[in-house]
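work_0.txt, holding compact mmCIF, C-alpha atoms:
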# COMPACT_ATOMS: atom_id res chain seq x y z
CA MET A 1 77.52 136.78 123.89
CA LEU A 2 76.27 136.04 120.37
CA LYS A 3 73.50 133.45 120.52
CA LYS A 4 71.14 131.88 117.97
CA VAL A 5 67.59 131.37 119.23
CA GLU A 6 64.46 130.01 117.59
CA GLY A 7 61.18 131.72 118.36
CA ILE A 8 58.04 133.62 117.40
CA ILE A 9 57.68 137.37 117.83
CA ILE A 10 54.64 137.85 120.05
CA SER A 11 54.76 141.65 120.24
CA GLU A 12 56.65 144.67 118.94
CA THR A 13 56.95 148.16 120.39
CA ASN A 14 58.38 151.22 118.66
CA PHE A 15 61.49 152.64 120.27
CA GLY A 16 62.59 156.05 119.13
CA GLU A 17 62.27 157.06 115.49
CA THR A 18 63.86 154.05 113.82
CA SER A 19 64.12 151.16 116.29
CA LYS A 20 61.75 148.75 117.99
CA ILE A 21 61.69 146.30 120.87
CA ILE A 22 60.41 142.82 120.11
CA ASN A 23 59.35 140.11 122.55
CA LEU A 24 60.39 136.70 121.30
CA LEU A 25 58.67 133.55 122.58
CA THR A 26 61.21 130.73 122.71
CA ASP A 27 61.37 127.29 124.30
CA ASP A 28 63.17 128.94 127.23
CA GLY A 29 60.57 131.66 127.75
CA ILE A 30 60.24 135.22 126.50
CA ILE A 31 63.28 137.27 125.47
CA GLY A 32 63.14 141.05 125.04
CA ILE A 33 65.25 142.18 122.09
CA MET A 34 66.24 145.61 120.80
CA ALA A 35 66.09 145.77 117.00
CA LYS A 36 68.08 148.87 116.14
CA GLY A 37 66.97 150.67 112.99
CA ALA A 38 64.35 148.00 112.23
CA LYS A 39 61.66 150.58 111.41
CA SER A 40 63.74 152.04 108.60
CA ILE A 41 62.55 151.08 105.12
CA LYS A 42 66.10 150.19 104.10
CA SER A 43 66.84 148.11 107.19
CA PRO A 44 67.56 144.39 106.54
CA LEU A 45 65.80 143.72 109.86
CA ARG A 46 62.53 145.37 108.90
CA SER A 47 60.74 142.29 107.51
CA TYR A 48 62.09 140.01 110.25
CA THR A 49 60.80 141.99 113.20
CA LEU A 50 57.05 141.90 112.58
CA SER A 51 54.68 140.24 115.03
CA LEU A 52 54.09 136.52 114.44
CA THR A 53 57.37 136.08 112.58
CA TYR A 54 58.74 132.59 113.26
CA GLY A 55 62.43 132.22 112.71
CA GLU A 56 65.98 131.96 113.97
CA PHE A 57 67.34 135.12 115.53
CA ASN A 58 71.01 135.89 116.05
CA ILE A 59 71.21 138.08 119.12
CA TYR A 60 73.73 139.57 121.51
CA TYR A 61 72.17 137.93 124.53
CA HIS A 62 71.90 139.60 127.94
CA GLU A 63 70.13 137.58 130.61
CA ASP A 64 68.82 140.39 132.81
CA LYS A 65 68.29 143.16 130.25
CA LEU A 66 67.39 143.69 126.62
CA SER A 67 69.32 141.63 124.13
CA THR A 68 70.23 143.12 120.72
CA LEU A 69 69.26 141.69 117.36
CA LYS A 70 72.07 141.13 114.87
CA SER A 71 70.29 139.18 112.09
CA ALA A 72 67.41 136.78 111.50
CA ASP A 73 66.12 134.09 109.15
CA VAL A 74 62.51 132.99 108.70
CA ILE A 75 61.89 129.29 109.37
CA ASN A 76 58.26 129.13 108.27
CA GLU A 77 56.24 132.04 106.89
CA PHE A 78 52.90 130.39 107.70
CA LYS A 79 51.64 131.78 104.41
CA ASN A 80 48.21 130.16 104.57
CA ILE A 81 47.56 131.46 108.06
CA LYS A 82 48.66 134.98 107.27
CA LYS A 83 46.36 135.43 104.30
CA ASP A 84 43.26 134.68 106.39
CA ILE A 85 42.19 137.06 109.17
CA THR A 86 40.41 134.30 111.09
CA LEU A 87 43.49 132.06 111.02
CA ILE A 88 45.63 135.00 112.10
CA SER A 89 43.27 135.37 115.07
CA TYR A 90 43.82 131.71 115.97
CA MET A 91 47.59 132.11 115.68
CA THR A 92 47.57 135.27 117.79
CA TYR A 93 45.54 133.56 120.50
CA LEU A 94 47.68 130.43 120.53
CA CYS A 95 50.88 132.49 120.86
CA ASP A 96 49.30 134.61 123.57
CA LEU A 97 48.13 131.52 125.44
CA ALA A 98 51.53 129.84 125.18
CA SER A 99 53.32 132.92 126.51
CA GLN A 100 50.96 133.19 129.49
CA VAL A 101 51.29 129.52 130.38
CA MET A 102 55.09 129.67 130.07
CA LYS A 103 55.12 132.44 132.64
CA GLN A 104 53.74 129.88 135.10
CA ASN A 105 55.53 126.77 133.87
CA GLN A 106 58.64 127.23 131.74
CA ASN A 107 58.45 123.86 130.03
CA LYS A 108 59.89 123.48 126.53
CA ASP A 109 56.97 121.26 125.50
CA ILE A 110 54.62 124.25 125.68
CA TYR A 111 56.59 125.96 122.92
CA ASN A 112 57.12 122.79 120.87
CA LEU A 113 53.39 121.95 120.97
CA LEU A 114 52.63 125.50 119.86
CA ILE A 115 54.83 125.18 116.78
CA SER A 116 53.29 121.81 115.94
CA SER A 117 49.79 123.29 116.27
CA LEU A 118 50.57 126.25 114.02
CA LYS A 119 52.04 123.98 111.35
CA LYS A 120 48.90 121.84 111.33
CA ILE A 121 46.64 124.90 111.00
CA ASP A 122 48.83 126.28 108.21
CA ASN A 123 48.52 122.91 106.45
CA GLY A 124 44.74 123.22 106.39
CA LEU A 125 43.55 121.25 109.41
CA ASN A 126 40.53 122.57 111.31
CA PRO A 127 41.85 125.45 113.46
CA MET A 128 39.23 125.05 116.18
CA ILE A 129 40.07 121.38 116.68
CA ILE A 130 43.83 122.00 116.75
CA THR A 131 43.35 124.92 119.13
CA ASN A 132 41.19 122.83 121.46
CA ILE A 133 43.75 120.01 121.43
CA TYR A 134 46.46 122.48 122.39
CA GLU A 135 44.28 124.02 125.09
CA ILE A 136 43.56 120.63 126.67
CA LYS A 137 47.24 119.71 126.70
CA LEU A 138 48.21 122.99 128.37
CA LEU A 139 45.90 122.34 131.33
CA ASP A 140 48.42 119.91 132.83
CA TYR A 141 51.11 122.60 132.74
CA LEU A 142 48.74 124.90 134.62
CA GLY A 143 48.11 122.22 137.23
CA VAL A 144 44.40 121.93 136.42
CA GLY A 145 44.24 118.95 134.08
CA ILE A 146 40.92 117.26 133.32
CA ASN A 147 40.26 113.98 135.12
CA PHE A 148 39.87 111.44 132.31
CA SER A 149 40.48 108.34 134.44
CA GLU A 150 37.57 108.24 136.90
CA CYS A 151 34.55 110.03 138.29
CA ALA A 152 35.69 113.42 139.56
CA LYS A 153 33.32 113.13 142.54
CA CYS A 154 33.71 109.59 143.85
CA GLY A 155 36.62 108.06 141.95
CA SER A 156 34.60 105.28 140.38
CA MET A 157 35.64 104.07 136.94
CA LYS A 158 32.25 102.51 136.20
CA ASN A 159 29.07 103.85 134.62
CA ILE A 160 30.53 107.16 133.43
CA ILE A 161 27.67 109.08 131.82
CA THR A 162 28.99 112.60 131.23
CA ILE A 163 31.78 115.09 131.89
CA ASP A 164 31.39 118.29 133.86
CA PRO A 165 33.69 121.33 133.59
CA ASP A 166 32.78 122.55 137.07
CA ALA A 167 33.58 119.17 138.64
CA GLY A 168 36.80 118.89 136.62
CA GLY A 169 36.15 115.61 134.87
CA TYR A 170 33.92 112.58 134.40
CA ILE A 171 30.68 112.07 136.32
CA CYS A 172 29.33 108.59 137.01
CA GLN A 173 25.70 107.58 137.16
CA ASN A 174 25.66 107.44 140.97
CA CYS A 175 27.04 110.98 141.34
CA TYR A 176 24.98 112.57 138.60
CA THR A 177 22.66 115.39 139.70
CA ASP A 178 21.76 117.94 137.05
CA GLU A 179 24.97 118.24 134.98
CA VAL A 180 24.76 118.64 131.21
CA ILE A 181 24.78 115.27 129.50
CA TYR A 182 27.35 115.17 126.69
CA GLU A 183 26.95 112.50 124.05
CA GLU A 184 29.34 109.56 124.16
CA LYS A 185 31.20 110.77 121.05
CA VAL A 186 32.07 114.03 122.83
CA LEU A 187 33.46 112.11 125.82
CA LYS A 188 35.59 109.92 123.56
CA MET A 189 36.90 112.80 121.46
CA LEU A 190 37.78 114.91 124.49
CA LYS A 191 40.00 112.11 125.77
CA MET A 192 41.42 111.60 122.26
CA TYR A 193 42.29 115.32 122.11
CA TYR A 194 44.25 114.89 125.34
CA LEU A 195 46.10 111.74 124.24
CA VAL A 196 46.82 112.41 120.56
CA GLU A 197 50.27 113.53 119.42
CA ILE A 198 49.75 116.72 117.42
CA ASP A 199 52.58 115.90 115.01
CA SER A 200 50.87 112.62 114.12
CA ILE A 201 47.56 114.19 113.05
CA SER A 202 46.97 113.99 109.30
CA ASP A 203 43.19 114.06 108.99
CA LEU A 204 40.29 115.15 111.15
CA LYS A 205 36.79 113.82 110.55
CA ILE A 206 34.62 115.05 113.40
CA SER A 207 31.05 116.27 113.14
CA ASP A 208 30.37 119.97 113.66
CA SER A 209 28.11 119.24 116.63
CA VAL A 210 30.93 117.41 118.44
CA ILE A 211 33.50 120.08 117.53
CA TYR A 212 31.38 122.89 118.95
CA ALA A 213 30.35 120.91 122.04
CA ILE A 214 34.02 120.29 122.86
CA ASN A 215 34.94 123.91 122.20
CA ASN A 216 32.15 125.08 124.52
CA PHE A 217 33.26 122.64 127.22
CA ILE A 218 36.86 123.83 127.04
CA ASN A 219 35.84 127.50 127.18
CA ILE A 220 33.85 126.86 130.35
CA TYR A 221 36.69 124.82 131.85
CA TYR A 222 39.26 127.54 131.19
CA ASP A 223 36.99 130.16 132.73
CA SER A 224 36.45 127.96 135.80
CA TYR A 225 40.02 126.83 136.49
CA THR A 226 42.80 128.77 134.79
CA GLY A 227 42.26 132.43 135.67
CA LEU A 228 43.40 133.34 132.16
CA TYR A 229 41.38 136.06 130.46
CA LEU A 230 43.01 136.95 127.17
CA LYS A 231 41.88 139.72 124.85
CA SER A 232 43.00 137.60 121.90
CA LYS A 233 40.60 134.87 123.01
CA LYS A 234 37.69 137.29 123.20
CA PHE A 235 38.53 138.63 119.73
CA LEU A 236 38.77 135.08 118.36
CA GLU A 237 35.35 134.24 119.79
CA GLU A 238 33.90 137.33 118.09
CA MET A 239 35.52 136.29 114.80
CA THR A 240 34.17 132.73 114.93
CA SER A 241 30.72 133.29 116.45

Show me, as structure tokens, the structure contained in the file I just sent.
Amino acid sequence: MLKKVEGIIISETNFGETSKIINLLTDDGIIGIMAKGAKSIKSPLRSYTLSLTYGEFNIYYHEDKLSTLKSADVINEFKNIKKDITLISYMTYLCDLASQVMKQNQNKDIYNLLISSLKKIDNGLNPMIITNIYEIKLLDYLGVGINFSECAKCGSMKNIITIDPDAGGYICQNCYTDEVIYEEKVLKMLKMYYLVEIDSISDLKISDSVIYAINNFINIYYDSYTGLYLKSKKFLEEMTS
């Protein structure tokens, strides 16, 4: 069955002398596709079967085995991302993260939020902020969302003084022991990250101290709750440290 699918190539593997197998992340999950002859210099498929290519792919679809690529068209080249090694690292991590989360929860929003995030980064918005926003939103799909409504220990909605990654959310004054105290701006921006629609973001004016405090919080939270340990994340941290 000939089928048109939108997606991003998250990996490619050589197959024989002239062909390759690509894994395409779509809003329905990951599809394995045989791209016959795609390694050949003269192949019309050569430039469309590289990792991180985002486009529409016409395939002979087979549900339980490799599909076969017929043709493809690029939707967005993400030119600004792909001329910057640090931005490429962000894109690689985001695609890797999306694919891992979709293995646990095959929700179309995971893919759609990914595309929105990549567009914002390509348009020049701060990649760390956009990445953190995406990471926070994915926590719900992993079943480990942050408690932004009340104290994670007692359920009180009063006298919230900090947020604790180990506790999973806000901490009120009565339950506070020795948790790190985050400034009020960090608490507000964390909740804003969770609530904001990525497509609606046009400008980001956040101090560096708040950006890095939020990024550190999210890193600790992911380590504590998700069980995801991605090589692309480690590489990204090395690139941005």

Atom CA of A:Glu183 to atom CA of A:Glu135, distance in Å rounded to a single decimal: 20.8 Å

Residue with smallest distance to A:Leu94 - pool A:His62, A:Ser47, A:Ile10, A:Glu197, counting all atoms listed in the file: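 Checking each of A:His62, A:Ser47, A:Ile10, A:Glu197 against A:Leu94, counting all atoms listed in the file, the winner is A:Ile10.
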
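With all atoms listed in the file as the basis for measurement, A:Leu118 is the residue among A:Ile41, A:Leu187, A:Leu118, A:Ala167 that approaches A:Ile130 most closely.
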
Pairwise distance for atom CA of A:Tyr93 and atom CA of A:Tyr54, rounded to one decimal in Å: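 For atom CA of A:Tyr93 relative to atom CA of A:Tyr54, the distance reads 15.1 Å.
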
Proximity to A:Met189 - best of A:Ile136, A:Met34, A:Cys175, A:Ile22, only C-alpha atoms: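 Distance minimum relative to A:Met189 lands on A:Ile136.
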
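Closest approach to A:Asp208 from the set A:Asn126, A:Ser116, A:Thr226, A:Thr68 is made by A:Asn126, with distances taken over all atoms listed in the file.
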
Spatial neighbours of A:Lys70, 9 Å, only C-alpha atoms, chain gap at least 2 places, as a PDB file with C-alpha atoms, in the frame of the given file:
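The result, written out as part-v5.pdb:
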ATOM      1  CA  LEU A   2      76.270 136.040 120.370  1.00  0.00           C
ATOM      2  CA  ALA A  35      66.090 145.770 117.000  1.00  0.00           C
ATOM      3  CA  LYS A  36      68.080 148.870 116.140  1.00  0.00           C
ATOM      4  CA  LEU A  45      65.800 143.720 109.860  1.00  0.00           C
ATOM      5  CA  PHE A  57      67.340 135.120 115.530  1.00  0.00           C
ATOM      6  CA  ASN A  58      71.010 135.890 116.050  1.00  0.00           C
ATOM      7  CA  ILE A  59      71.210 138.080 119.120  1.00  0.00           C
ATOM      8  CA  TYR A  60      73.730 139.570 121.510  1.00  0.00           C
ATOM      9  CA  THR A  68      70.230 143.120 120.720  1.00  0.00           C
ATOM     10  CA  ALA A  72      67.410 136.780 111.500  1.00  0.00           C
TER      11      ALA A  72
END

Residues within 8 Å of (51.0, 116.7, 117.8), file coords, only C-alpha atoms, listed as a PyMOL selection string: chain A and resi 113+116-117+196-201

Would you output that residue set with C-alpha atoms, as a tab-separated table (two decimals), in the coordinates of the input?
chain	number	residue	atom	x	y	z
A	113	LEU	CA	53.39	121.95	120.97
A	116	SER	CA	53.29	121.81	115.94
A	117	SER	CA	49.79	123.29	116.27
A	196	VAL	CA	46.82	112.41	120.56
A	197	GLU	CA	50.27	113.53	119.42
A	198	ILE	CA	49.75	116.72	117.42
A	199	ASP	CA	52.58	115.90	115.01
A	200	SER	CA	50.87	112.62	114.12
A	201	ILE	CA	47.56	114.19	113.05

Residue nearest A:Ile8 among A:Asn23, A:Thr162, A:Ser209, A:Thr177 (counting only C-alpha atoms): A:Asn23

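With distances restricted to only C-alpha atoms, A:Ala213 is the closest residue to A:Ile181 from A:Cys151, A:Ser207, A:Ala213, A:Leu142.
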
Spatial neighbours of A:Ile160, 8 Å, all atoms listed in the file, chain gap at least 6 places, as an MDAnalysis selection string: chainID A and resid 150:151 170:173

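Reported to one decimal place, the separation of atom CA of A:Ser40 from atom CA of A:Thr18 is 5.6 Å.
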
Please produce, as a tab-separated table, a per-residue contact table for stretch 97-137 of chain A versus stretch 80-83 of chain A (criterion: any atom at most 8 Å away, all atoms listed in the file considered), showing the nearest atom pair and its distance in Å to one decimal, sorted by chain then residue number.
residue	atom	partner	partner_atom	distance
A:Ile121	CA	A:Ile81	CA	7.2
A:Asp122	CA	A:Ile81	CA	5.3
A:Asn123	CA	A:Asn80	CA	7.5
A:Gly124	CA	A:Asn80	CA	8.0
